[in-house]
Amino acid sequence: MMRVTRDDLRGKAQTVLGIVDPGVLGSTLTHEHLIWDIRPPRLRGSDPGAEPDLLNHWGMMSGAAASPANAWQPGVEIAIEAVREAVACGVETIVEMSIGGLSPDPEGLVRVAQATGCHIVMGCGHYVEEYQDPANHDRTVDSFAREMVDQVQQGLWGTAVRAGIIGEIGCQNPWTPLERRVLEGALIAQKETGAALTIHPGRRQDQPQEVMEFIKARGGDPSRTIMDHIDRTIFDDDALFRLADTGVVLEWDLFGQESSLYTPNLDVDMPNDAMRLRAIRKVLDRGHRGQVVIAHDICHRAHMTRWGGWGYGHIHRDVLPLMRRRGFTEAEITEILVDTPRRLLTFV
């Protein structure tokens with residue numbers, strides 16, 4: 001495998017097809033899954049259950065009729081079809097977050113990129129503890145750091161495909177010692193490679209703030225850190241503004257999920273897309289420019305258009321017109337979809 005250096009990467013971006021000029025990235029979805037397996041490991045290898053169809057579609061989308069089959073999409077040709085649809089809507093780059101524990105398929109993503117012309121940037125590292133290899137319990141911070149440096153500079157999961165971002169590093173509530181070691185390793189890898197870092201926080205409103213305090217205490221760079229899943233985690237303006245004040249980039253990445261029912265945490269009333277835009281508007285009006293990115297985090301088959309969902313083109317097809325009707329300027333839209341992702345995906 002060819003190894004690249006930090007000097008090779010500095011000022012560039014890295015897709016699954018190699019190093020590129022960041023100027024080509026264009027309109028970017030910063031958090032998606034194209035080929036994935038989010039079934040809990042204990043369910044893998046057993047009966048996958050019902051496929052999404054018209055009779056169970058609402059339940060599959062909301063999680064009220066959960067099925068392992070809905071949480072598993074290994075098909076490269078299906079991903080190609082879905083990405084082609086997104087490209088036709090104006091998507092130019094997709095950041096793919098299927099990392100350790102979620103059945104990453106680097107070579108499959110190469111095929112998707114080649115077939116569609118879409119730039120695909122792959123993440124690296126490990127998801128939450130439940131999904132990690134049991135052998136990780138015996139690993140050190142330095143071991144995780146070295147692994148992620150290698151994934152950026154040499155190759156992912158035994159391939160020559162290299163990562164272009166670190167994460168989505170899995171944290172949960174309560175935050176486990178293993179997950180803290182992985183994140184600490186990610187911070188070391190970030191410093192060594194110049195990559196940005198993206199975090200999957202636990203489902204507790206103050207957990208993202210706890211993670212940011214951990215990061216800042218270890219010399220991490222909030223301006224090159226993305227906090228994912230804001231729309232299912234933070235519902236209080238004070239908590240949102242306090243997090244924004246750390247300098248972290250806030251990611252609303254569940255666009256298209258319009259049901260208030262959120263089965264992973266029934267205490268939460270999930271917002272719809274209009275409410276997401278209102279929250280983003282508040283953050284921008286408070287002066288937090290360059291701190292917002294958006295995506296769909298598609299990770300269930302029922303979210304894809306093949307199975308009746310909104311698909312990866314939803315933001316460009318449906319949300320951008322809504323943003324314009326709600327008074328977002330073209331400069332703000334460009335900042336959210338082009339400028340801020342490009343800054344983050346450019347190695348420093």
# chains A, B, ... in the order shown; residues from 1 in each chain; ligands from 1

$ residues_around --residues "A:Ile199" --least-positions-apart "6" --cutoff "6 Å" --atoms "only C-alpha atoms" --output "NGL selection string"
:A and (168-169 or 227-228)

$ write_last_selection --atoms "N, CA and C atoms" --output "PDB file, in the first residue's frame"
ATOM      1  N   GLU A 168     -17.068   8.727  12.224  1.00  0.00           N
ATOM      2  CA  GLU A 168     -17.683   9.297  13.387  1.00  0.00           C
ATOM      3  C   GLU A 168     -17.286   8.495  14.630  1.00  0.00           C
ATOM      4  N   ILE A 169     -16.498   9.113  15.495  1.00  0.00           N
ATOM      5  CA  ILE A 169     -16.036   8.439  16.697  1.00  0.00           C
ATOM      6  C   ILE A 169     -17.212   8.289  17.659  1.00  0.00           C
ATOM      7  N   MET A 227     -19.667  18.141  15.714  1.00  0.00           N
ATOM      8  CA  MET A 227     -20.534  17.436  16.660  1.00  0.00           C
ATOM      9  C   MET A 227     -21.791  17.014  15.903  1.00  0.00           C
ATOM     10  N   ASP A 228     -21.951  15.709  15.743  1.00  0.00           N
ATOM     11  CA  ASP A 228     -23.038  15.156  14.937  1.00  0.00           C
ATOM     12  C   ASP A 228     -24.366  15.158  15.706  1.00  0.00           C
TER      13      ASP A 228
END

$ select_by_dssp --residues "stretch 168-302 of chain A" --states "strand (DSSP E or B)" --output "JSON list (two decimals) with N, CA and C atoms, in the first residue's frame"
[["chain", "number", "residue", "atom", "x", "y", "z"],
["A", 168, "GLU", "N", -17.07, 8.73, 12.22],
["A", 168, "GLU", "CA", -17.68, 9.30, 13.39],
["A", 168, "GLU", "C", -17.29, 8.50, 14.63],
["A", 169, "ILE", "N", -16.50, 9.11, 15.50],
["A", 169, "ILE", "CA", -16.04, 8.44, 16.70],
["A", 169, "ILE", "C", -17.21, 8.29, 17.66],
["A", 170, "GLY", "N", -17.47, 7.05, 18.06],
["A", 170, "GLY", "CA", -18.67, 6.75, 18.83],
["A", 170, "GLY", "C", -18.54, 7.04, 20.31],
["A", 197, "LEU", "N", -12.15, 16.00, 12.55],
["A", 197, "LEU", "CA", -12.68, 14.96, 13.44],
["A", 197, "LEU", "C", -14.18, 15.13, 13.56],
["A", 198, "THR", "N", -14.93, 14.04, 13.50],
["A", 198, "THR", "CA", -16.38, 14.10, 13.65],
["A", 198, "THR", "C", -16.82, 13.12, 14.72],
["A", 199, "ILE", "N", -17.77, 13.56, 15.57],
["A", 199, "ILE", "CA", -18.14, 12.85, 16.80],
["A", 199, "ILE", "C", -19.60, 12.45, 16.79],
["A", 200, "HIS", "N", -19.87, 11.19, 17.12],
["A", 200, "HIS", "CA", -21.23, 10.71, 17.39],
["A", 200, "HIS", "C", -21.45, 10.79, 18.90],
["A", 225, "THR", "N", -13.55, 20.22, 14.52],
["A", 225, "THR", "CA", -14.33, 19.13, 15.10],
["A", 225, "THR", "C", -15.80, 19.34, 14.77],
["A", 226, "ILE", "N", -16.46, 18.28, 14.35],
["A", 226, "ILE", "CA", -17.89, 18.32, 14.06],
["A", 226, "ILE", "C", -18.63, 17.54, 15.15],
["A", 227, "MET", "N", -19.67, 18.14, 15.71],
["A", 227, "MET", "CA", -20.53, 17.44, 16.66],
["A", 227, "MET", "C", -21.79, 17.01, 15.90],
["A", 249, "VAL", "N", -18.09, 22.74, 15.24],
["A", 249, "VAL", "CA", -19.03, 22.79, 14.12],
["A", 249, "VAL", "C", -20.24, 21.92, 14.47],
["A", 250, "LEU", "N", -21.43, 22.47, 14.30],
["A", 250, "LEU", "CA", -22.68, 21.80, 14.67],
["A", 250, "LEU", "C", -23.28, 21.16, 13.42],
["A", 251, "GLU", "N", -23.63, 19.89, 13.55],
["A", 251, "GLU", "CA", -24.16, 19.16, 12.40],
["A", 251, "GLU", "C", -25.60, 18.73, 12.65],
["A", 252, "TRP", "N", -26.51, 19.30, 11.88],
["A", 252, "TRP", "CA", -27.88, 18.81, 11.82],
["A", 252, "TRP", "C", -27.92, 17.80, 10.68],
["A", 261, "LEU", "N", -41.67, 10.75, 16.57],
["A", 261, "LEU", "CA", -41.33, 9.54, 17.31],
["A", 261, "LEU", "C", -39.87, 9.18, 17.10],
["A", 269, "ASP", "N", -38.78, 14.46, 21.42],
["A", 269, "ASP", "CA", -39.68, 14.73, 20.30],
["A", 269, "ASP", "C", -38.81, 15.20, 19.14],
["A", 292, "VAL", "N", -21.83, 25.44, 10.90],
["A", 292, "VAL", "CA", -23.02, 24.63, 10.61],
["A", 292, "VAL", "C", -22.78, 23.81, 9.36],
["A", 293, "VAL", "N", -23.07, 22.51, 9.45],
["A", 293, "VAL", "CA", -23.13, 21.63, 8.28],
["A", 293, "VAL", "C", -24.38, 20.77, 8.40],
["A", 294, "ILE", "N", -24.81, 20.18, 7.27],
["A", 294, "ILE", "CA", -26.06, 19.43, 7.27],
["A", 294, "ILE", "C", -25.93, 18.15, 6.44]]

$ residues_around --residues "A:Gln132" --least-positions-apart "6" --cutoff "7 Å" --atoms "only C-alpha atoms" --output "ChimeraX atom specification"
/A:100-101,126

$ write_last_selection --atoms "N, CA, C and O atoms" --output "PDB file, in the first residue's frame"
ATOM      1  N   GLY A 100     -15.355   1.430  11.846  1.00  0.00           N
ATOM      2  CA  GLY A 100     -15.198   0.179  12.566  1.00  0.00           C
ATOM      3  C   GLY A 100     -16.431  -0.174  13.373  1.00  0.00           C
ATOM      4  O   GLY A 100     -16.878   0.595  14.213  1.00  0.00           O
ATOM      5  N   GLY A 101     -16.989  -1.355  13.127  1.00  0.00           N
ATOM      6  CA  GLY A 101     -18.211  -1.799  13.782  1.00  0.00           C
ATOM      7  C   GLY A 101     -19.433  -1.698  12.896  1.00  0.00           C
ATOM      8  O   GLY A 101     -20.472  -2.287  13.208  1.00  0.00           O
ATOM      9  N   HIS A 126     -13.597   4.040  15.201  1.00  0.00           N
ATOM     10  CA  HIS A 126     -14.538   3.051  15.722  1.00  0.00           C
ATOM     11  C   HIS A 126     -15.801   3.698  16.248  1.00  0.00           C
ATOM     12  O   HIS A 126     -15.772   4.787  16.838  1.00  0.00           O
TER      13      HIS A 126
END

$ atom_distance --atom1 "atom CA of A:Met97" --atom2 "atom CA of A:Ile78"
17.2 Å

$ residues_around --residues "A:Met212" --least-positions-apart "4" --cutoff "9 Å" --atoms "only C-alpha atoms" --output "list in words"
Gln207, Pro208, Lys216, Ala217, Gly220, Pro222, Met227, Leu243, Thr246 and Val248 of chain A

$ select_by_dssp --residues "stretch 19-79 of chain A" --states "alpha helix (DSSP H)" --output "list in words"
His57, Trp58, Gly59, Met60, Met61, Ser62, Val76, Glu77, Ile78 and Ala79 of chain A
